[in-house]
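Coordinates from entry-v9.csv are shown below (CSV, C-alpha atoms and all ligand atoms).
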```csv
chain,number,residue,atom,x,y,z
A,25,LEU,CA,5.5,-25.5,-12.9
A,26,VAL,CA,1.8,-25.4,-13.9
A,27,LEU,CA,0.3,-22.0,-13.1
A,28,SER,CA,-3.4,-21.7,-12.3
A,29,THR,CA,-5.5,-19.6,-14.6
A,30,ARG,CA,-5.5,-16.9,-12.0
A,31,LYS,CA,-1.7,-16.9,-11.6
A,32,GLN,CA,-1.4,-16.9,-15.4
A,33,ASN,CA,-3.6,-13.8,-15.7
A,34,LEU,CA,-1.5,-12.1,-13.0
A,35,ARG,CA,1.9,-13.2,-14.3
A,36,HIS,CA,2.5,-9.9,-16.0
A,37,TYR,CA,2.1,-8.2,-12.6
A,38,PHE,CA,4.5,-10.5,-10.9
A,39,GLU,CA,7.1,-9.6,-13.5
A,40,GLU,CA,6.3,-5.9,-13.4
A,41,GLY,CA,6.3,-6.0,-9.6
A,42,ALA,CA,9.7,-7.7,-9.4
A,43,LYS,CA,11.1,-5.0,-11.7
A,44,PHE,CA,9.5,-2.1,-10.0
A,45,HIS,CA,10.0,-3.2,-6.4
A,46,GLY,CA,13.5,-4.7,-6.9
A,47,HIS,CA,12.5,-8.3,-6.1
A,48,LEU,CA,9.3,-10.4,-5.8
A,49,SER,CA,8.7,-10.0,-2.1
A,50,PRO,CA,6.0,-11.9,-0.2
A,51,GLY,CA,4.2,-8.6,0.4
A,52,LEU,CA,4.1,-7.8,-3.2
A,53,VAL,CA,2.7,-11.2,-4.2
A,54,ILE,CA,-0.1,-11.0,-1.5
A,55,GLY,CA,-0.8,-7.5,-2.6
A,56,ILE,CA,-1.2,-8.5,-6.2
A,57,PHE,CA,-3.8,-11.1,-5.2
A,58,MET,CA,-5.5,-8.4,-3.0
A,59,VAL,CA,-5.9,-5.8,-5.8
A,60,ASP,CA,-7.0,-8.5,-8.2
A,61,LEU,CA,-9.7,-9.6,-5.7
A,62,ALA,CA,-10.8,-6.0,-5.0
A,63,GLU,CA,-11.1,-5.2,-8.7
A,64,GLU,CA,-13.2,-8.3,-9.3
A,65,ILE,CA,-15.6,-7.4,-6.5
A,66,LEU,CA,-15.8,-3.8,-7.6
A,67,GLY,CA,-16.7,-4.9,-11.2
A,68,SER,CA,-16.2,-2.0,-13.6
A,69,PRO,CA,-16.8,1.1,-11.6
A,70,GLY,CA,-15.9,4.6,-12.9
A,71,LEU,CA,-12.7,6.1,-11.6
A,72,VAL,CA,-11.2,4.3,-8.7
A,73,ASP,CA,-9.2,5.7,-5.8
A,74,ALA,CA,-7.1,3.6,-3.4
A,75,VAL,CA,-6.0,3.7,0.2
A,76,VAL,CA,-3.3,1.3,1.5
A,77,GLU,CA,-2.8,0.9,5.2
A,78,THR,CA,0.9,0.2,5.2
A,79,GLN,CA,3.8,1.9,3.6
A,80,LEU,CA,5.5,-1.4,2.7
A,81,CYS,CA,4.9,-3.2,-0.6
A,82,LEU,CA,1.2,-2.3,-1.0
A,83,PRO,CA,1.8,1.2,-2.5
A,84,ASP,CA,3.9,-0.4,-5.2
A,85,VAL,CA,1.3,-3.0,-6.0
A,86,VAL,CA,-1.4,-0.3,-6.4
A,87,GLN,CA,0.8,1.8,-8.6
A,88,ILE,CA,1.6,-1.2,-10.9
A,89,MET,CA,-2.0,-2.5,-11.2
A,90,THR,CA,-4.1,0.7,-11.2
A,91,PRO,CA,-3.9,4.2,-12.5
A,92,CYS,CA,-3.6,5.4,-8.8
A,93,SER,CA,-0.2,6.7,-7.8
A,94,TYR,CA,1.1,8.4,-4.7
A,95,GLY,CA,2.1,11.3,-6.8
A,96,ASN,CA,-1.2,11.8,-8.6
A,97,GLY,CA,-3.0,11.8,-5.3
A,98,TRP,CA,-5.4,8.9,-6.1
A,99,LEU,CA,-3.5,6.7,-3.8
A,100,ARG,CA,-3.4,7.5,-0.1
A,101,VAL,CA,-0.9,5.8,2.1
A,102,LYS,CA,-1.7,5.2,5.8
A,103,ASP,CA,1.1,4.4,8.2
A,104,TRP,CA,-0.9,1.9,10.2
A,105,GLY,CA,1.3,-1.1,9.4
A,106,LYS,CA,-1.8,-3.1,8.5
A,107,PHE,CA,-1.7,-5.3,5.5
A,108,ALA,CA,-5.0,-4.0,4.0
A,109,LEU,CA,-6.1,-1.9,1.1
A,110,THR,CA,-9.3,-0.3,-0.1
A,111,LEU,CA,-10.3,0.4,-3.7
A,112,TYR,CA,-13.3,2.6,-4.1
A,113,ASP,CA,-15.4,4.5,-6.6
A,114,LYS,CA,-14.2,8.1,-6.6
A,115,GLU,CA,-17.7,9.5,-7.1
A,116,ARG,CA,-19.9,7.3,-4.9
A,117,ARG,CA,-17.1,6.4,-2.4
A,118,ASP,CA,-18.3,2.9,-2.2
A,119,GLY,CA,-15.6,0.3,-2.3
A,120,VAL,CA,-14.1,-2.8,-1.0
A,121,ARG,CA,-11.5,-3.3,1.6
A,122,VAL,CA,-9.3,-6.4,1.4
A,123,TYR,CA,-7.1,-7.5,4.2
A,124,LEU,CA,-4.8,-10.3,5.2
A,125,ASP,CA,-6.9,-12.4,7.5
A,126,MET,CA,-4.7,-13.9,10.3
A,127,GLU,CA,-7.3,-16.6,11.1
A,128,LYS,CA,-6.8,-17.9,7.6
A,129,VAL,CA,-3.1,-17.3,7.6
A,130,LYS,CA,-2.8,-19.7,10.5
A,131,ASN,CA,-3.3,-22.6,8.0
A,132,TYR,CA,-0.1,-21.5,6.3
A,133,PRO,CA,2.8,-21.8,8.7
A,134,ARG,CA,5.4,-20.1,6.6
A,135,ILE,CA,3.3,-17.1,5.8
A,136,TYR,CA,2.3,-16.9,9.4
A,137,GLN,CA,5.9,-17.0,10.6
A,138,TRP,CA,7.0,-14.5,8.0
A,139,TYR,CA,4.2,-12.0,8.8
A,140,MET,CA,4.5,-12.3,12.6
A,141,ARG,CA,8.3,-12.0,12.2
A,142,GLU,CA,8.7,-15.2,14.2
A,143,ASN,CA,12.2,-16.6,14.6
A,144,GLY,CA,13.3,-14.7,11.6
A,145,GLY,CA,14.1,-18.0,10.0
A,146,VAL,CA,11.8,-18.4,7.1
A,147,GLU,CA,13.3,-18.2,3.7
A,148,THR,CA,11.6,-15.7,1.4
A,149,GLY,CA,11.3,-18.0,-1.5
A,150,GLN,CA,9.4,-20.5,0.6
A,151,VAL,CA,7.0,-17.9,1.8
A,152,VAL,CA,6.4,-16.7,-1.7
A,153,SER,CA,5.6,-20.2,-2.9
A,154,GLU,CA,3.2,-20.8,0.0
A,155,ILE,CA,1.5,-17.5,-1.0
A,156,MET,CA,1.4,-18.6,-4.6
A,157,GLY,CA,-0.4,-21.8,-3.4
A,158,ALA,CA,-2.8,-19.9,-1.1
A,159,GLU,CA,-3.8,-17.3,-3.6
A,160,ARG,CA,-6.9,-15.7,-2.1
A,161,ALA,CA,-7.3,-18.2,0.7
A,162,ILE,CA,-5.6,-16.0,3.2
A,163,LEU,CA,-7.7,-12.9,2.3
A,164,SER,CA,-11.0,-11.5,3.5
A,165,TRP,CA,-12.9,-8.5,2.4
A,166,GLU,CA,-15.7,-6.2,3.3
A,167,ARG,CA,-17.7,-3.5,1.5
A,168,VAL,CA,-17.0,-0.1,2.8
A,169,ARG,CA,-17.9,3.5,2.3
A,170,VAL,CA,-14.9,5.8,2.4
A,171,LYS,CA,-15.0,9.0,4.5
A,172,VAL,CA,-13.2,11.5,2.4
A,173,THR,CA,-11.5,14.5,3.8
A,174,PRO,CA,-11.1,16.6,0.7
A,175,LYS,CA,-7.6,17.7,0.0
A,176,GLU,CA,-7.4,21.4,0.5
A,177,LYS,CA,-4.8,23.5,-1.0
A,178,GLY,CA,-4.9,26.1,1.7
A,179,PRO,CA,-2.7,29.2,2.2
A,180,VAL,CA,1.1,28.9,2.5
A,181,SER,CA,3.4,30.3,5.2
A,182,ILE,CA,7.1,31.1,5.1
A,183,CYS,CA,8.7,29.6,8.1
A,184,PRO,CA,10.5,32.4,10.0
A,185,VAL,CA,13.4,30.0,11.0
A,186,CYS,CA,14.3,28.2,7.8
A,187,GLY,CA,12.7,30.5,5.3
A,188,GLU,CA,11.0,27.7,3.4
A,189,THR,CA,7.3,27.4,2.6
A,190,HIS,CA,4.8,25.1,4.2
A,191,PRO,CA,1.0,24.9,4.6
A,192,ALA,CA,-0.1,27.7,7.0
A,193,SER,CA,-2.3,25.1,8.7
A,194,ASN,CA,0.9,23.9,10.4
A,195,GLY,CA,1.1,27.1,12.4
A,196,GLU,CA,3.9,29.6,12.0
A,197,LEU,CA,6.9,27.2,12.1
A,198,CYS,CA,7.3,24.4,9.6
A,199,PRO,CA,7.1,20.8,11.0
A,200,ARG,CA,10.8,20.5,11.3
A,201,CYS,CA,11.6,23.9,12.9
A,202,SER,CA,8.8,23.4,15.4
A,203,GLY,CA,10.4,20.2,16.4
A,204,ARG,CA,7.3,18.1,15.5
A,205,ASP,CA,9.1,16.1,12.9
A,206,ASP,CA,12.6,15.6,11.8
A,207,TYR,CA,14.6,13.3,9.5
A,208,TYR,CA,17.9,15.0,8.8
A,209,ARG,CA,20.8,16.9,10.3
A,210,VAL,CA,22.6,19.5,8.0
A,211,ILE,CA,26.2,18.6,7.6
A,212,ASN,CA,27.1,21.2,5.1
A,213,GLY,CA,25.1,23.8,3.2
A,214,GLU,CA,25.5,26.6,0.7
A,215,ILE,CA,23.4,29.5,-0.5
A,216,THR,CA,23.1,29.3,-4.2
A,217,PRO,CA,24.7,32.4,-5.7
A,218,GLY,CA,22.5,34.8,-7.7
B,1,ZN,ZN,11.3,25.9,9.2
```

Is it possible to express this structure as structure tokens?
Amino acid sequence: LVLSTRKQNLRHYFEEGAKFHGHLSPGLVIGIFMVDLAEEILGSPGLVDAVVETQLCLPDVVQIMTPCSYGNGWLRVKDWGKFALTLYDKERRDGVRVYLDMEKVKNYPRIYQWYMRENGGVETGQVVSEIMGAERAILSWERVRVKVTPKEKGPVSICPVCGETHPASNGELCPRCSGRDDYYRVINGEITPG
């Protein structure tokens, strides 16, 4: 297999990505081309922040390829289910948004089928090799200015139901006790002695 110069330059990320993510998924490979393109358009800005518009694959790509991580707050993750990401200059808030362009993806039947979840019959390896061939040909980009809502560390409340703390901006009850959000049922619990 002869790798293009671009793929050779990115090879390290394909390897890192497979390790970090567990396997080299189609989304990971597209994401690596996306971040590479965004970085090239941005040139060498100062500190870069990132926003990804899906919780799948793209957060891992940004964490591998940039200093932005979910935990350090430089990466924001939107749950829009859109395959798009923005890298932008933290100070000026100018940046570039790169997205998977479905008009272009139409020329790549396996990628299209995989992304649109059609038939469920595409083999991942075939999708990945089609993406490797397409490189940037399935992507589009636009320059954007990011609207930033500064992260406030506001006052904290103690929820009267569970006794745990949460941002007071939620209201009196925490998100779970108020019934707004939930993800678990307690099966068994114990108060730590002491
Ligand atoms: Zn509570």

Item to complete: Compare A:Thr216, A:Val120, A:Val210, A:Thr189 by their minimum atom-to-atom distance to ligand ZN 1 (chain B), counting all atoms listed in the file, and give me the closest one.
Response: A:Thr189

Worksheet entry | A:Lys171, A:His190, A:Arg160, A:Arg141 ranked by distance to ligand ZN 1 (chain B), top pick (using all atoms listed in the file) | A:His190

Worksheet item: Residues at most 9 Å from ligand ZN 1 (chain B), using all atoms listed in the file? Could they come as JSON, numbers by chain?
Response: {"A": [182, 183, 184, 185, 186, 187, 188, 189, 190, 196, 197, 198, 199, 200, 201, 202]}

Kindly provide the residues of stretch 29-82 of chain A that approach stretch 132-137 of chain A to within 12 Å, each paired with its closest atom pair and their distance in Å to one decimal, based on all atoms listed in the file, listed by chain and increasing number, as CSV.
```
residue,atom,partner,partner_atom,distance
A:Ser49,CA,A:Ile135,CA,11.9
A:Pro50,CA,A:Ile135,CA,8.4
A:Gly51,CA,A:Ile135,CA,10.1
A:Val53,CA,A:Ile135,CA,11.6
A:Ile54,CA,A:Ile135,CA,10.1
```

Discussion item. I'd like to know which of A:Glu39, A:Ser28, A:Gly178, A:Ile162 is closest to A:Ala192, using only C-alpha atoms.
Written reply: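 Between A:Glu39, A:Ser28, A:Gly178, A:Ile162, the residue approaching A:Ala192 most closely is A:Gly178.
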
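The space separating atom CA of A:Asp206 from atom CA of A:Trp104 comes to 19.3 Å.
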
Worksheet item: Hey, which of A:Val146, A:Leu124, A:Leu111, A:Val170 ends up closest to A:Gly67? Count all atoms listed in the file.
Response: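 Counting all atoms listed in the file, the residue closest to A:Gly67 is A:Leu111.
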